[in-house]
Protein chains: 2
Amino acid sequence: MGKKLFKTVHDVARAAGVSVATISRVLNQHPNVSQGTREKVLALIEQSGFRPNAIARRLAQGRSGMLCFLLANRDIIHSFHSRVLKGVEDYCRQHHRQVIFTRFDYGPNDAMPAETLPRMVREYRAIDGVLVAGTNYPNLLQYFSSVELPYVLFGNNLVTGSLALPAKHAVSFDEQAGARDATQFLFELGHRHITFVGNLALHWYLRRQHGYASVMNRYGLPPATIDIRDEADCVELGRRSVPLLLRQFPRTTAILAQDDETAIGIMETLRRLEIRVPQDISLMGYDDISEIRYLRPALSSVRVPKAAIGWQMAETLAGVAPGKRTRALPPLATELVIRDSCMRLPSAPE
Amino acid sequence: MGKKLFKTVHDVARAAGVSVATISRVLNQHPNVSQGTREKVLALIEQSGFRPNAIARRLAQGRSGMLCFLLANRDIIHSFHSRVLKGVEDYCRQHHRQVIFTRFDYGPNDAMPAETLPRMVREYRAIDGVLVAGTNYPNLLQYFSSVELPYVLFGNNLVTGSLALPAKHAVSFDEQAGARDATQFLFELGHRHITFVGNLALHWYLRRQHGYASVMNRYGLPPATIDIRDEADCVELGRRSVPLLLRQFPRTTAILAQDDETAIGIMETLRRLEIRVPQDISLMGYDDISEIRYLRPALSSVRVPKAAIGWQMAETLAGVAPGKRTRALPPLATELVIRDSCMRLPSAPE
DNA sequence: CTGAAAGCGCTTACAG
DNA sequence: CTGAAAGCGCTTACAG
């Protein structure tokens with residue numbers, strides 16, 4: 001009848017005429033309970049609206065059942081990471097785990113147990129492990145190792161001295177392959193003057209440029225790159241690149257942008273100059289973020305498997321016992337998404 | 001030297017030659033500890049890297065220190081709610097509380113303790129309270145009341161029979177006032193044929209239309225509304241509205257869109273028809289989501305104070321003892337953001 | 001200012 | 001299949 005008659009397992013046990021151990025077993029679907037008592041207890045729980053204290057449960061079980069999705073050095077969660085997070089959530093829902101979302105900022109040289117770390121992550125045993133996304137530096141990972149907090153990193157945006165993707169404790173996608181596919185596609189459309197626009201100071205964009213350059217080299221074509229390093233806003237970088245590109249590589253017939261936002265800036269500026277996409281210049285983005293659905297012509301892009309990245313991060317973390325090493329997985333594959341922003345060159349054979 | 005020499009407060013107590021009560025007092029900044037012992041204990045904790053078990057702490061203290069940001073019936077977190085969440089986080093960071101982000105889907109007639117509810121929220125005492133955002137129905141709120149879980153709702157997107165914003169347990173912004181300001185602004189630019197585009201089946205858009213209509217009526221102008229109810233995608237709704245609008249209200253010189261996404265669809269379609277914004281038609285959005293920074297001409301819009309909403313939701317929730325009523329706050333004000341998409345009519349006096 | 005002890009509400013070997 | 005008891009690792013009156 002009334003709700004919350006029972007506050008604890010003891011209340012339920014008393015009413016059912018059994019011990020608290022039995023209540024606990026029913027609660028945890030332990031097999032060693034007779035059909036009869038199980039049903040009696042479940043009925044009692046049902047009608048009383050009893051709910052076990054989640055905190056007490058975690059303390060007794062020694063684990064929190066919670067993973068933390070930690071977004072680092074990003075102001076808010078944008079479309080890309082929003083999709084990654086969705087993949088994490090889907091995994092967790094299906095595997096009875098919780099995700100806590102939190103974000104924070106830090107620098108590559110910050111001491112880590114500093115005040116900056118969210119309490120959730122700093123606290124001992126508050127979470128079972130952490131999924132690290134956003135832009136990251138090695139000092140954070142070292143901290144996690146030192147306190148034996150299991151973690152899995154989104155590998156592509158780790159800032160290190162090396163261009164290689166991190167092999168351990170990380171899930172990544174194959175950035176170079178995506179750029180190769182895009183360049184190859186443009187080549188097959190007949191384009192020979194393909195220009196890459198990006199910020200090569202950042203390794204994740206440099207990888208894309210390398211993929212691009214490798215295909216150009218394969219066909220004996222000189223890579224043409226507009227490299228702008230002093231612009232954090234990618235849309236603005238795209239805008240600024242256009243006059244440079246028209247001056248330095250006037251024969252350009254196709255552009256591969258480092259990402260979709262850059263492509264947005266490029267498309268807008270080309271339009272203002274009355275250079276038509278794709279009739280005059282073909283344009284290809286990268287990432288396939290959801291925002292580009294607003295664009296006309298619809299932007300062709302390299303789709304990054306965002307949800308799959310999230311799912312795999314969660315799956316990997318769930319499989320890691322503290323201290324144990326995660327097994328290295330191959331980077332996930334991208335997929336070319338062809339829309340309306342690229343065109344076969346009239347001169348090109350079918 | 002070595003880390004994690006101490007696993008529990010008992011270890012620290014033994015090493016310090018004091019009782020665990022004292023360790024606890026130091027940990028909690030309790031005043032009743034002598035300067036000497038406090039320093040000794042802190043030094044010991046520091047050098048040993050001891051971190052108290054967060055779960056045990058919560059159990060003993062009887063509260064979790066965690067709030068849950070629950071996004072309902074939204075696939076992923078978009079720009080708008082992302083900003084709201086940021087406001088929540090800022091508040092929580094400053095007030096030493098945690099935010100857990102989670103999302104789920106439900107219908108207005110779903111039974112609530114159902115499997116759909118995220119475990120976090122269903123569990124007893126796992127969180128201190130819940131911040132409810134996204135599109136919501138009364139059944140969820142009734143459930144929270146029945147289990148005495150404190151909650152605060154983002155009020156504007158609650159689906160009820162009434163057009164009024166919810167007064168209790170809610171933080172809202174003044175949708176009508178925002179629409180009035182926008183309409184008034186267009187009027188002052190000389191526009192007399194202003195058309196509203198939206199889906200009036202949804203109360204939040206209907207409120208905006210009411211604000212619009214009230215200003216039109218004030219000046220004795222007939223409201224002109226394109227009402228499209230069978231289109232969930234707002235960009236597409238905007239696209240579809242243009243031909244209707246040109247046929248039904250051909251004298252239109254200004255459009256107030258129900259939101260920015262709708263304005264995006266309108267702007268794109270106008271461009272395709274070679275109708276210039278703002279020279280031929282002025283266009284005003286609503287929400288001021290971050291995505292519109294890509295648009296040219298830059299879209300004027302009604303800014304919704306997203307972070308302030310989040311902050312106030314968290315603040316309100318933090319002030320609610322379980323069972324206690326939250327005090328009703330006045331809706332937050334919007335702000336007109338003037339960019340380049342609206343123009344003074346040539347005929348209009350300065 | 002400090003400590004012994006009870007308590008937070010569960011779970012889990014262990015013994016039967 | 002079931003129960004008594006110890007334990008998870010803290011905090012907090014209470015007494016001194």
# chains A, B, ... in the order shown; residues from 1 in each chain; ligands from 1

call {"tool": "residues_around", "arguments": {"residues": "range 10-13 of chain D", "least_positions_apart": "3", "cutoff": "8 Å", "atoms": "only C-alpha atoms (C1' of nucleotides)", "output": "PyMOL selection string"}}
result
chain B and resi 9+21+24+52-53+56-57+59-61

call {"tool": "write_last_selection", "arguments": {"atoms": "all heavy atoms", "output": "JSON list (two decimals), in the first residue's frame"}}
result
[["chain", "number", "residue", "atom", "x", "y", "z"],
["B", 9, "VAL", "N", 42.08, 4.80, 6.60],
["B", 9, "VAL", "CA", 42.36, 5.76, 7.66],
["B", 9, "VAL", "C", 43.05, 5.10, 8.85],
["B", 9, "VAL", "O", 43.81, 5.74, 9.57],
["B", 9, "VAL", "CB", 41.07, 6.44, 8.16],
["B", 9, "VAL", "CG1", 40.60, 7.51, 7.19],
["B", 9, "VAL", "CG2", 39.99, 5.44, 8.45],
["B", 21, "ALA", "N", 39.42, 8.81, 14.26],
["B", 21, "ALA", "CA", 38.53, 9.97, 14.36],
["B", 21, "ALA", "C", 39.30, 11.24, 14.00],
["B", 21, "ALA", "O", 38.81, 12.12, 13.30],
["B", 21, "ALA", "CB", 37.94, 10.07, 15.75],
["B", 24, "SER", "N", 39.89, 11.47, 10.31],
["B", 24, "SER", "CA", 38.66, 11.91, 9.67],
["B", 24, "SER", "C", 38.46, 13.41, 9.85],
["B", 24, "SER", "O", 38.07, 14.11, 8.91],
["B", 24, "SER", "CB", 37.48, 11.15, 10.27],
["B", 24, "SER", "OG", 36.27, 11.62, 9.72],
["B", 52, "PRO", "N", 41.24, 8.88, 0.68],
["B", 52, "PRO", "CA", 40.13, 8.21, 1.35],
["B", 52, "PRO", "C", 39.13, 7.63, 0.35],
["B", 52, "PRO", "O", 38.94, 8.19, -0.72],
["B", 52, "PRO", "CB", 39.48, 9.31, 2.18],
["B", 52, "PRO", "CG", 39.88, 10.58, 1.52],
["B", 52, "PRO", "CD", 41.23, 10.33, 0.91],
["B", 53, "ASN", "N", 38.53, 6.55, 0.70],
["B", 53, "ASN", "CA", 37.54, 5.90, -0.16],
["B", 53, "ASN", "C", 36.28, 6.75, -0.23],
["B", 53, "ASN", "O", 35.60, 6.99, 0.77],
["B", 53, "ASN", "CB", 37.23, 4.51, 0.39],
["B", 53, "ASN", "CG", 36.24, 3.77, -0.48],
["B", 53, "ASN", "OD1", 35.18, 4.28, -0.78],
["B", 53, "ASN", "ND2", 36.61, 2.55, -0.88],
["B", 56, "ALA", "N", 32.83, 4.99, 0.79],
["B", 56, "ALA", "CA", 32.65, 4.83, 2.24],
["B", 56, "ALA", "C", 32.27, 6.16, 2.86],
["B", 56, "ALA", "O", 31.43, 6.24, 3.76],
["B", 56, "ALA", "CB", 33.94, 4.30, 2.86],
["B", 57, "ARG", "N", 32.89, 7.18, 2.37],
["B", 57, "ARG", "CA", 32.63, 8.51, 2.86],
["B", 57, "ARG", "C", 31.17, 8.90, 2.65],
["B", 57, "ARG", "O", 30.50, 9.43, 3.53],
["B", 57, "ARG", "CB", 33.50, 9.45, 2.03],
["B", 57, "ARG", "CG", 33.97, 10.60, 2.78],
["B", 57, "ARG", "CD", 35.12, 11.19, 2.04],
["B", 57, "ARG", "NE", 35.61, 12.32, 2.79],
["B", 57, "ARG", "CZ", 36.62, 13.06, 2.42],
["B", 57, "ARG", "NH1", 37.26, 12.75, 1.29],
["B", 57, "ARG", "NH2", 37.01, 14.06, 3.15],
["B", 59, "LEU", "N", 28.65, 6.92, 2.22],
["B", 59, "LEU", "CA", 27.75, 6.09, 3.02],
["B", 59, "LEU", "C", 27.66, 6.65, 4.43],
["B", 59, "LEU", "O", 26.58, 6.82, 4.98],
["B", 59, "LEU", "CB", 28.25, 4.64, 3.06],
["B", 59, "LEU", "CG", 27.39, 3.69, 3.90],
["B", 59, "LEU", "CD1", 25.96, 3.66, 3.37],
["B", 59, "LEU", "CD2", 27.99, 2.29, 3.89],
["B", 60, "ALA", "N", 28.81, 6.97, 4.97],
["B", 60, "ALA", "CA", 28.82, 7.48, 6.34],
["B", 60, "ALA", "C", 28.15, 8.84, 6.44],
["B", 60, "ALA", "O", 27.49, 9.15, 7.43],
["B", 60, "ALA", "CB", 30.26, 7.55, 6.84],
["B", 61, "GLN", "N", 28.32, 9.62, 5.41],
["B", 61, "GLN", "CA", 27.76, 10.97, 5.46],
["B", 61, "GLN", "C", 26.28, 11.02, 5.08],
["B", 61, "GLN", "O", 25.61, 12.01, 5.32],
["B", 61, "GLN", "CB", 28.55, 11.90, 4.55],
["B", 61, "GLN", "CG", 29.92, 12.22, 5.11],
["B", 61, "GLN", "CD", 30.71, 13.17, 4.22],
["B", 61, "GLN", "OE1", 31.56, 13.91, 4.69],
["B", 61, "GLN", "NE2", 30.45, 13.14, 2.92]]

call {"tool": "select_by_dssp", "arguments": {"residues": "range 143-230 of chain A", "states": "alpha helix (DSSP H)", "output": "VMD selection string"}}
result
chain A and resid 143 to 146 175 to 188 203 to 218

call {"tool": "write_last_selection", "arguments": {"atoms": "C-alpha atoms", "output": "short mmCIF file (atom, residue, chain, number, x, y, z; two decimals), in the first residue's frame"}}
result
data_model
loop_
_atom_site.label_atom_id
_atom_site.label_comp_id
_atom_site.auth_asym_id
_atom_site.auth_seq_id
_atom_site.Cartn_x
_atom_site.Cartn_y
_atom_site.Cartn_z
CA TYR A 143 48.90 10.41 -13.23
CA PHE A 144 46.26 7.78 -13.89
CA SER A 145 48.95 5.12 -14.02
CA SER A 146 50.50 6.32 -10.78
CA GLU A 175 43.34 9.26 -39.89
CA GLN A 176 45.85 8.68 -42.66
CA ALA A 177 43.73 6.06 -44.38
CA GLY A 178 40.76 8.42 -44.37
CA ALA A 179 42.79 11.13 -46.05
CA ARG A 180 44.19 8.65 -48.55
CA ASP A 181 40.70 7.51 -49.49
CA ALA A 182 39.56 11.07 -49.97
CA THR A 183 42.55 11.99 -52.11
CA GLN A 184 42.24 8.83 -54.15
CA PHE A 185 38.60 9.61 -54.76
CA LEU A 186 39.41 13.09 -56.01
CA PHE A 187 42.16 11.67 -58.19
CA GLU A 188 39.73 9.25 -59.75
CA HIS A 203 49.58 16.05 -35.25
CA TRP A 204 46.05 14.95 -36.00
CA TYR A 205 45.90 17.27 -38.99
CA LEU A 206 49.45 16.46 -39.98
CA ARG A 207 48.47 12.78 -40.17
CA ARG A 208 45.70 13.70 -42.55
CA GLN A 209 48.11 15.71 -44.63
CA HIS A 210 50.50 12.76 -44.73
CA GLY A 211 47.73 10.53 -46.01
CA TYR A 212 46.97 13.09 -48.66
CA ALA A 213 50.62 13.54 -49.61
CA SER A 214 51.22 9.81 -49.89
CA VAL A 215 48.56 9.46 -52.57
CA MET A 216 49.80 12.51 -54.42
CA ASN A 217 53.29 11.07 -54.40
CA ARG A 218 52.02 7.70 -55.55
#

call {"tool": "interface_residues", "arguments": {"of": "chain A", "to": "chain D", "cutoff": "7 Å", "atoms": "only C-alpha atoms (C1' of nucleotides)", "output": "list in words"}}
result
Ser19, Asn32, Val33, Ser34, Leu59, Ala60 and Gly62 of chain A

call {"tool": "write_last_selection", "arguments": {"atoms": "C-alpha atoms", "output": "CSV table (one decimal), in the first residue's frame"}}
result
chain,number,residue,atom,x,y,z
A,19,SER,CA,17.6,-13.1,7.1
A,32,ASN,CA,20.9,-20.1,-4.1
A,33,VAL,CA,17.4,-19.0,-3.1
A,34,SER,CA,14.4,-21.2,-3.2
A,59,LEU,CA,30.9,-0.1,-0.6
A,60,ALA,CA,30.2,-3.7,0.2
A,62,GLY,CA,34.1,-2.8,-3.6

call {"tool": "interface_residues", "arguments": {"of": "chain A", "to": "chain B", "cutoff": "9 Å", "atoms": "only C-alpha atoms", "output": "MDAnalysis selection string"}}
result
chainID A and resid 3:4 49:56 58:59 62:64 68 75:79 82:83 85:86 89 93 96:103 118:120 122:126 146:147 235 261 264:265 268 291 294:296

call {"tool": "residues_around", "arguments": {"residues": "Thr135 in chain A", "least_positions_apart": "6", "cutoff": "6 Å", "atoms": "only C-alpha atoms (C1' of nucleotides)", "output": "PDB file with N, CA and C atoms, in the first residue's frame"}}
result
ATOM      1  N   ALA A  72      38.610  16.604 -21.928  1.00  0.00           N
ATOM      2  CA  ALA A  72      39.661  17.514 -21.504  1.00  0.00           C
ATOM      3  C   ALA A  72      39.882  18.637 -22.506  1.00  0.00           C
ATOM      4  N   ASN A  73      40.072  19.819 -22.008  1.00  0.00           N
ATOM      5  CA  ASN A  73      40.455  20.972 -22.815  1.00  0.00           C
ATOM      6  C   ASN A  73      39.495  21.287 -23.956  1.00  0.00           C
ATOM      7  N   ASN A 157      43.778  12.483 -30.519  1.00  0.00           N
ATOM      8  CA  ASN A 157      44.076  13.846 -30.098  1.00  0.00           C
ATOM      9  C   ASN A 157      45.044  13.937 -28.920  1.00  0.00           C
ATOM     10  N   LEU A 158      45.911  12.941 -28.802  1.00  0.00           N
ATOM     11  CA  LEU A 158      46.950  13.009 -27.781  1.00  0.00           C
ATOM     12  C   LEU A 158      48.138  13.780 -28.340  1.00  0.00           C
TER      13      LEU A 158
END

call {"tool": "select_by_dssp", "arguments": {"residues": "range 56-154 of chain B", "states": "strand (DSSP E or B)", "output": "ChimeraX atom specification"}}
result
/B:66-72,98-104,124,129-134,136,151-154

call {"tool": "write_last_selection", "arguments": {"atoms": "N, CA, C and O atoms", "output": "tab-separated table (two decimals), in the first residue's frame"}}
result
chain	number	residue	atom	x	y	z
B	66	MET	N	26.32	14.20	-5.33
B	66	MET	CA	26.23	14.20	-6.79
B	66	MET	C	24.84	14.60	-7.26
B	66	MET	O	23.83	14.16	-6.72
B	67	LEU	N	24.85	15.42	-8.29
B	67	LEU	CA	23.60	15.76	-8.95
B	67	LEU	C	23.61	15.06	-10.31
B	67	LEU	O	24.66	14.82	-10.88
B	68	CYS	N	22.43	14.77	-10.79
B	68	CYS	CA	22.35	14.13	-12.10
B	68	CYS	C	21.71	15.08	-13.10
B	68	CYS	O	20.64	15.63	-12.85
B	69	PHE	N	22.40	15.30	-14.22
B	69	PHE	CA	21.81	16.06	-15.31
B	69	PHE	C	21.18	15.06	-16.27
B	69	PHE	O	21.87	14.30	-16.93
B	70	LEU	N	19.88	15.06	-16.29
B	70	LEU	CA	19.15	14.05	-17.05
B	70	LEU	C	18.56	14.68	-18.30
B	70	LEU	O	17.67	15.53	-18.23
B	71	LEU	N	19.06	14.26	-19.45
B	71	LEU	CA	18.55	14.77	-20.72
B	71	LEU	C	17.55	13.78	-21.28
B	71	LEU	O	17.90	12.64	-21.58
B	72	ALA	N	16.31	14.21	-21.41
B	72	ALA	CA	15.26	13.28	-21.81
B	72	ALA	C	14.85	13.48	-23.26
B	72	ALA	O	14.73	14.62	-23.74
B	98	GLN	N	29.30	17.18	-7.67
B	98	GLN	CA	29.55	16.47	-8.91
B	98	GLN	C	28.32	16.50	-9.80
B	98	GLN	O	27.21	16.53	-9.29
B	99	VAL	N	28.54	16.48	-11.09
B	99	VAL	CA	27.42	16.32	-12.01
B	99	VAL	C	27.60	15.02	-12.77
B	99	VAL	O	28.67	14.75	-13.29
B	100	ILE	N	26.56	14.27	-12.84
B	100	ILE	CA	26.54	13.09	-13.68
B	100	ILE	C	25.63	13.38	-14.84
B	100	ILE	O	24.51	13.83	-14.65
B	101	PHE	N	26.16	13.15	-16.04
B	101	PHE	CA	25.31	13.36	-17.21
B	101	PHE	C	24.75	12.03	-17.66
B	101	PHE	O	25.47	11.05	-17.78
B	102	THR	N	23.47	12.01	-17.93
B	102	THR	CA	22.91	10.81	-18.53
B	102	THR	C	21.67	11.19	-19.33
B	102	THR	O	21.13	12.27	-19.17
B	103	ARG	N	21.25	10.32	-20.22
B	103	ARG	CA	20.09	10.62	-21.04
B	103	ARG	C	19.21	9.38	-21.15
B	103	ARG	O	19.64	8.27	-20.93
B	104	PHE	N	17.95	9.59	-21.48
B	104	PHE	CA	17.06	8.46	-21.75
B	104	PHE	C	15.81	8.94	-22.46
B	104	PHE	O	15.57	10.14	-22.58
B	124	TYR	N	18.28	4.20	-5.22
B	124	TYR	CA	18.02	5.02	-4.05
B	124	TYR	C	19.32	5.59	-3.51
B	124	TYR	O	20.29	4.85	-3.31
B	129	GLY	N	19.98	14.59	-6.17
B	129	GLY	CA	18.86	15.22	-6.86
B	129	GLY	C	19.11	15.20	-8.35
B	129	GLY	O	20.20	14.87	-8.80
B	130	VAL	N	18.10	15.59	-9.12
B	130	VAL	CA	18.21	15.47	-10.57
B	130	VAL	C	17.79	16.77	-11.27
B	130	VAL	O	16.81	17.41	-10.89
B	131	LEU	N	18.58	17.14	-12.26
B	131	LEU	CA	18.28	18.29	-13.12
B	131	LEU	C	17.69	17.74	-14.40
B	131	LEU	O	18.35	17.00	-15.12
B	132	VAL	N	16.46	18.10	-14.68
B	132	VAL	CA	15.75	17.47	-15.78
B	132	VAL	C	15.69	18.41	-16.98
B	132	VAL	O	15.10	19.49	-16.91
B	133	ALA	N	16.30	18.00	-18.08
B	133	ALA	CA	16.29	18.82	-19.29
B	133	ALA	C	15.83	17.99	-20.47
B	133	ALA	O	15.58	16.80	-20.34
B	134	GLY	N	15.71	18.64	-21.63
B	134	GLY	CA	15.17	17.96	-22.80
B	134	GLY	C	13.66	18.14	-22.84
B	134	GLY	O	13.12	19.05	-22.21
B	136	ASN	N	10.03	16.94	-21.81
B	136	ASN	CA	9.53	16.13	-20.70
B	136	ASN	C	8.02	16.16	-20.54
B	136	ASN	O	7.34	17.05	-21.04
B	151	TYR	N	14.14	17.38	-7.47
B	151	TYR	CA	14.44	17.64	-8.88
B	151	TYR	C	14.17	19.10	-9.21
B	151	TYR	O	13.41	19.78	-8.53
B	152	VAL	N	14.84	19.56	-10.29
B	152	VAL	CA	14.53	20.86	-10.87
B	152	VAL	C	14.45	20.67	-12.37
B	152	VAL	O	15.32	20.04	-12.97
B	153	LEU	N	13.43	21.23	-12.95
B	153	LEU	CA	13.14	21.02	-14.36
B	153	LEU	C	13.52	22.24	-15.19
B	153	LEU	O	13.37	23.37	-14.74
B	154	PHE	N	14.02	21.98	-16.40
B	154	PHE	CA	14.09	23.06	-17.39
B	154	PHE	C	12.66	23.21	-17.92
B	154	PHE	O	12.16	22.33	-18.61

call {"tool": "atom_distance", "arguments": {"atom1": "CA of Asn156 in chain B", "atom2": "CA of Val171 in chain B"}}
result
8.1 Å

call {"tool": "residues_around", "arguments": {"residues": "Ala254 in chain B", "least_positions_apart": "4", "cutoff": "10 Å", "atoms": "only C-alpha atoms (C1' of nucleotides)", "output": "list in words"}}
result
Thr183, Leu186, Phe187, Leu189, Gly190, His191, Arg192, His193, Ile194, Thr195, Phe196, Val277, Pro278, Asp280, Ile281, Ser282, Leu283, Met284, Ser341, Cys342, Met343 and Leu345 of chain B

call {"tool": "atom_distance", "arguments": {"atom1": "CA of Leu165 in chain B", "atom2": "CA of Ile338 in chain B"}}
result
26.9 Å

call {"tool": "atom_distance", "arguments": {"atom1": "CA of Gln248 in chain B", "atom2": "CA of Gly220 in chain B"}}
result
19.4 Å
